[in-house]
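Note: the block below is model03.cif and it holds mmCIF, C-alpha atoms.
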data_upload
#
loop_
_atom_site.group_PDB
_atom_site.id
_atom_site.type_symbol
_atom_site.label_atom_id
_atom_site.label_comp_id
_atom_site.auth_asym_id
_atom_site.auth_seq_id
_atom_site.Cartn_x
_atom_site.Cartn_y
_atom_site.Cartn_z
ATOM 1 C CA MET A 550 -31.495 -8.857 -3.863
ATOM 2 C CA GLN A 551 -32.109 -5.095 -3.412
ATOM 3 C CA GLU A 552 -30.931 -4.335 -6.939
ATOM 4 C CA GLU A 553 -32.976 -7.176 -8.443
ATOM 5 C CA VAL A 554 -36.152 -6.011 -6.663
ATOM 6 C CA GLU A 555 -35.494 -2.410 -7.649
ATOM 7 C CA GLN A 556 -35.034 -3.289 -11.335
ATOM 8 C CA GLU A 557 -38.179 -5.417 -11.385
ATOM 9 C CA LEU A 558 -40.074 -2.709 -9.518
ATOM 10 C CA PHE A 559 -39.188 -0.063 -12.069
ATOM 11 C CA ARG A 560 -39.908 -2.354 -14.990
ATOM 12 C CA GLU A 561 -43.185 -3.764 -13.670
ATOM 13 C CA VAL A 562 -44.657 -0.938 -11.627
ATOM 14 C CA LEU A 563 -43.051 2.464 -11.462
ATOM 15 C CA SER A 564 -42.629 2.882 -15.216
ATOM 16 C CA SER A 565 -46.408 3.167 -15.574
ATOM 17 C CA PHE A 566 -46.700 6.018 -13.039
ATOM 18 C CA GLU A 567 -45.663 9.626 -12.891
ATOM 19 C CA GLY A 568 -43.296 10.395 -10.023
ATOM 20 C CA LYS A 569 -45.858 12.351 -8.005
ATOM 21 C CA ALA A 570 -46.455 11.800 -4.290
ATOM 22 C CA GLU A 571 -50.221 11.485 -4.768
ATOM 23 C CA LYS A 572 -49.553 8.243 -6.681
ATOM 24 C CA LEU A 573 -48.197 6.530 -3.549
ATOM 25 C CA ILE A 574 -51.323 4.498 -2.737
ATOM 26 C CA PRO A 575 -51.855 3.223 -6.302
ATOM 27 C CA ILE A 576 -48.155 2.304 -6.451
ATOM 28 C CA LEU A 577 -48.371 0.452 -3.131
ATOM 29 C CA HIS A 578 -51.408 -1.445 -4.435
ATOM 30 C CA ARG A 579 -49.570 -2.430 -7.608
ATOM 31 C CA VAL A 580 -46.429 -3.512 -5.737
ATOM 32 C CA GLN A 581 -48.508 -5.596 -3.343
ATOM 33 C CA ASP A 582 -50.354 -7.154 -6.287
ATOM 34 C CA ASN A 583 -46.986 -8.154 -7.786
ATOM 35 C CA TYR A 584 -45.326 -9.488 -4.626
ATOM 36 C CA GLY A 585 -48.276 -10.405 -2.390
ATOM 37 C CA TYR A 586 -47.008 -7.899 0.184
ATOM 38 C CA LEU A 587 -44.813 -4.786 0.327
ATOM 39 C CA PRO A 588 -41.212 -6.021 0.531
ATOM 40 C CA GLU A 589 -38.795 -3.888 2.517
ATOM 41 C CA GLU A 590 -36.537 -3.712 -0.550
ATOM 42 C CA ALA A 591 -39.280 -1.883 -2.494
ATOM 43 C CA VAL A 592 -39.803 0.966 -0.024
ATOM 44 C CA SER A 593 -36.646 2.969 -0.747
ATOM 45 C CA PRO A 594 -37.045 2.926 -4.559
ATOM 46 C CA ILE A 595 -40.674 4.018 -4.172
ATOM 47 C CA ALA A 596 -39.670 6.870 -1.883
ATOM 48 C CA THR A 597 -36.925 7.983 -4.262
ATOM 49 C CA PHE A 598 -39.226 7.772 -7.286
ATOM 50 C CA LEU A 599 -41.865 9.931 -5.551
ATOM 51 C CA SER A 600 -39.370 12.308 -3.888
ATOM 52 C CA ILE A 601 -40.699 11.516 -0.420
ATOM 53 C CA THR A 602 -39.092 9.930 2.638
ATOM 54 C CA VAL A 603 -38.994 6.235 3.427
ATOM 55 C CA GLY A 604 -40.858 7.142 6.625
ATOM 56 C CA GLN A 605 -43.716 8.606 4.599
ATOM 57 C CA VAL A 606 -44.037 5.379 2.591
ATOM 58 C CA TYR A 607 -44.092 3.295 5.785
ATOM 59 C CA SER A 608 -46.531 5.710 7.396
ATOM 60 C CA VAL A 609 -49.087 5.210 4.628
ATOM 61 C CA ALA A 610 -48.416 1.474 4.251
ATOM 62 C CA SER A 611 -48.880 0.838 7.972
ATOM 63 C CA PHE A 612 -51.936 3.099 8.310
ATOM 64 C CA TYR A 613 -54.142 1.155 5.895
ATOM 65 C CA ASP A 614 -55.159 -2.402 6.831
ATOM 66 C CA GLU A 615 -55.128 -3.487 3.197
ATOM 67 C CA PHE A 616 -51.334 -3.265 2.969
ATOM 68 C CA ARG A 617 -49.106 -6.055 4.282
ATOM 69 C CA LEU A 618 -45.464 -5.578 5.174
ATOM 70 C CA THR A 619 -44.885 -9.308 5.538
ATOM 71 C CA PRO A 620 -45.697 -12.150 3.136
ATOM 72 C CA LEU A 621 -48.820 -14.267 3.588
ATOM 73 C CA GLY A 622 -48.604 -17.958 4.285
ATOM 74 C CA ARG A 623 -49.625 -20.490 1.654
ATOM 75 C CA ASN A 624 -52.705 -21.174 3.781
ATOM 76 C CA ARG A 625 -54.766 -18.366 5.314
ATOM 77 C CA VAL A 626 -56.750 -19.212 8.418
ATOM 78 C CA THR A 627 -59.289 -16.493 9.214
ATOM 79 C CA VAL A 628 -61.323 -16.584 12.414
ATOM 80 C CA CYS A 629 -64.482 -14.469 12.604
ATOM 81 C CA ARG A 630 -64.724 -12.336 15.726
ATOM 82 C CA GLY A 631 -68.117 -10.805 14.994
ATOM 83 C CA THR A 632 -70.756 -10.608 17.723
ATOM 84 C CA ALA A 633 -72.505 -13.899 16.948
ATOM 85 C CA CYS A 634 -69.208 -15.754 16.639
ATOM 86 C CA HIS A 635 -67.805 -14.119 19.763
ATOM 87 C CA ILE A 636 -70.810 -15.150 21.841
ATOM 88 C CA ARG A 637 -70.591 -18.713 20.543
ATOM 89 C CA GLY A 638 -66.898 -19.235 21.288
ATOM 90 C CA ALA A 639 -64.713 -17.496 18.687
ATOM 91 C CA PRO A 640 -62.145 -16.368 21.303
ATOM 92 C CA GLN A 641 -61.552 -20.007 22.251
ATOM 93 C CA ILE A 642 -61.410 -21.045 18.580
ATOM 94 C CA LEU A 643 -58.795 -18.353 17.885
ATOM 95 C CA GLU A 644 -56.775 -19.361 20.952
ATOM 96 C CA SER A 645 -56.868 -23.004 19.856
ATOM 97 C CA MET A 646 -55.669 -22.088 16.348
ATOM 98 C CA GLU A 647 -52.849 -20.002 17.833
ATOM 99 C CA GLN A 648 -51.692 -23.021 19.849
ATOM 100 C CA LEU A 649 -51.974 -25.477 16.958
ATOM 101 C CA LEU A 650 -50.239 -23.217 14.441
ATOM 102 C CA GLU A 651 -47.754 -21.842 17.010
ATOM 103 C CA ILE A 652 -48.380 -18.257 15.887
ATOM 104 C CA LYS A 653 -50.490 -15.374 17.166
ATOM 105 C CA ASP A 654 -53.333 -13.558 15.431
ATOM 106 C CA GLY A 655 -51.911 -11.482 12.590
ATOM 107 C CA GLU A 656 -48.751 -13.558 12.204
ATOM 108 C CA THR A 657 -47.347 -15.845 9.537
ATOM 109 C CA ARG A 658 -45.282 -18.892 10.377
ATOM 110 C CA ASP A 659 -41.600 -18.744 9.497
ATOM 111 C CA ASP A 660 -42.055 -21.605 7.019
ATOM 112 C CA LEU A 661 -44.746 -19.489 5.267
ATOM 113 C CA GLU A 662 -47.190 -22.400 5.525
ATOM 114 C CA TYR A 663 -49.886 -20.554 7.535
ATOM 115 C CA THR A 664 -51.097 -17.037 8.228
ATOM 116 C CA LEU A 665 -53.563 -16.642 11.090
ATOM 117 C CA GLU A 666 -55.836 -13.637 11.216
ATOM 118 C CA SER A 667 -59.094 -12.581 12.753
ATOM 119 C CA VAL A 668 -61.649 -10.348 11.072
ATOM 120 C CA ALA A 669 -64.615 -8.330 12.290
ATOM 121 C CA CYS A 670 -67.099 -10.471 10.351
ATOM 122 C CA ILE A 671 -67.031 -13.142 7.670
ATOM 123 C CA GLY A 672 -70.737 -12.641 6.981
ATOM 124 C CA CYS A 673 -71.938 -16.104 7.989
ATOM 125 C CA CYS A 674 -73.552 -15.286 11.319
ATOM 126 C CA ALA A 675 -76.015 -18.189 11.093
ATOM 127 C CA LEU A 676 -73.005 -20.540 11.115
ATOM 128 C CA ALA A 677 -71.395 -18.986 14.195
ATOM 129 C CA PRO A 678 -68.763 -19.505 15.273
ATOM 130 C CA CYS A 679 -67.147 -19.718 11.871
ATOM 131 C CA MET A 680 -63.786 -19.471 10.255
ATOM 132 C CA ARG A 681 -62.329 -19.631 6.786
ATOM 133 C CA VAL A 682 -59.404 -21.749 5.633
ATOM 134 C CA ASN A 683 -58.283 -20.291 2.329
ATOM 135 C CA ARG A 684 -61.604 -19.923 0.451
ATOM 136 C CA ASP A 685 -63.616 -22.496 2.387
ATOM 137 C CA VAL A 686 -65.912 -21.321 5.201
ATOM 138 C CA HIS A 687 -66.381 -23.691 8.131
ATOM 139 C CA GLY A 688 -69.284 -23.102 10.501
ATOM 140 C CA GLU A 689 -70.522 -24.217 13.873
ATOM 141 C CA MET A 690 -66.923 -24.630 14.951
ATOM 142 C CA THR A 691 -65.956 -26.478 18.090
ATOM 143 C CA LEU A 692 -62.535 -27.012 19.578
ATOM 144 C CA ASP A 693 -62.650 -30.594 18.263
ATOM 145 C CA LYS A 694 -63.389 -29.422 14.694
ATOM 146 C CA VAL A 695 -60.456 -26.996 14.749
ATOM 147 C CA ARG A 696 -57.860 -29.771 14.706
ATOM 148 C CA GLY A 697 -59.334 -31.353 11.574
ATOM 149 C CA LEU A 698 -59.160 -28.144 9.586
ATOM 150 C CA LEU A 699 -55.391 -28.115 9.344
ATOM 151 C CA SER A 700 -55.479 -31.241 7.191
ATOM 152 C CA VAL A 701 -57.969 -29.457 4.873
ATOM 153 C CA ALA A 702 -55.527 -26.561 4.485
ATOM 154 C CA ASP A 703 -52.652 -28.936 3.764
ATOM 155 C CA ASP A 704 -54.384 -30.136 0.582
ATOM 156 C CA GLY A 705 -52.547 -27.373 -1.261
ATOM 157 C CA LYS A 706 -55.382 -24.909 -1.535
ATOM 158 C CA ARG A 707 -54.475 -21.252 -1.560
ATOM 159 C CA ASP A 708 -56.449 -18.019 -1.461
ATOM 160 C CA ASP A 709 -54.791 -16.037 -4.237
#

Can the structure in the file be given as structure tokens, please?
Amino acid sequence: MQEEVEQELFREVLSSFEGKAEKLIPILHRVQDNYGYLPEEAVSPIATFLSITVGQVYSVASFYDEFRLTPLGRNRVTVCRGTACHIRGAPQILESMEQLLEIKDGETRDDLEYTLESVACIGCCALAPCMRVNRDVHGEMTLDKVRGLLSVADDGKRDD
């Protein structure tokens, strides 16, 4: 698999860049756009291409929140933890989702069906507490409403 990823990486991404270290972030963006995350198999070829260490690639990739080192699930469940949502029960909503999905905040299930994440604010404070399943925002959440959302996500929607 390493060789296959490396060949695709050079063909799809690296061939359009100069091998200069200052191109690391744009390259990481492009790789993530292609794969949906930064696969481990891509790190070494990137480092070699830019004449930097693998550690330097990981250092940048792990510093910025926008980069993912693991794949996303087919369904993204995002719980708002902003002030309004927090006051109205977001911690309990998040805990309930963790139990139902059997993963913690920031994790993806092994079957790649769900990714659970919390964010500082979804921007729907009037609907607090709220969460998003793929592209659909759900407001005024209660623990009872949480259970019904998983069937919504199973309809095959995906936030691409």

List the residues matched by the PyMOL selection byres ((chain A and resi 623-638) around 6) in the displayed structure as a ChimeraX atom specification, ordered by chain and then by residue number. /A:622,639-641,662-671,674,677-683,707

Excluding same-chain residues fewer than 6 positions from Val562 in chain A, what lies within 12 Å of it counting only C-alpha atoms, as a list in words?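 In the requested form, the answer reads Val554, Glu555, Gln556, Gly568, Lys572, Leu573, Pro575, Ile576, Leu577, His578, Arg579, Val580, Gln581, Asp582, Asn583, Tyr584, Ala591, Pro594, Ile595 and Phe598 of chain A.
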
Gap from CA of Glu571 in chain A to CA of Ser611 in chain A - Å, one decimal: 16.7 Å

Considering all atoms listed in the file, can you say which of A:Leu618, A:Ser565, A:Leu649, A:Phe612 comes closest to Val592 in chain A?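 Of A:Leu618, A:Ser565, A:Leu649, A:Phe612, the one nearest Val592 in chain A, counting all atoms listed in the file, is A:Leu618.
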
Which value, in Å to one decimal, gives the distance between CA of Tyr607 in chain A and CA of Arg684 in chain A?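 Pair CA of Tyr607 in chain A / CA of Arg684 in chain A returns 29.6 Å.
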
Apply the PyMOL selection byres ((chain A and resi 696) around 12) to the file shown and report the selected residues as a PyMOL selection string. chain A and resi 642-643+645-650+690-695+697-702

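Note that CA of Glu656 in chain A and CA of Arg617 in chain A are 10.9 Å apart.
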
Nearest to Leu599 in chain A, chosen from A:Glu561, A:Asp660, A:Glu553, A:Glu567, with all atoms listed in the file counted in the distances: A:Glu567

Enclose the full set of atoms of range 601-607 of chain A listed in the file within a box whose edges lie along x, y and z, apply 8 Å of padding to each of the six sides, and report centre and edge lengths in Å to one decimal as JSON.
{"center_x": -41.5, "center_y": 7.4, "center_z": 3.1, "size_x": 21.1, "size_y": 24.2, "size_z": 23.0}
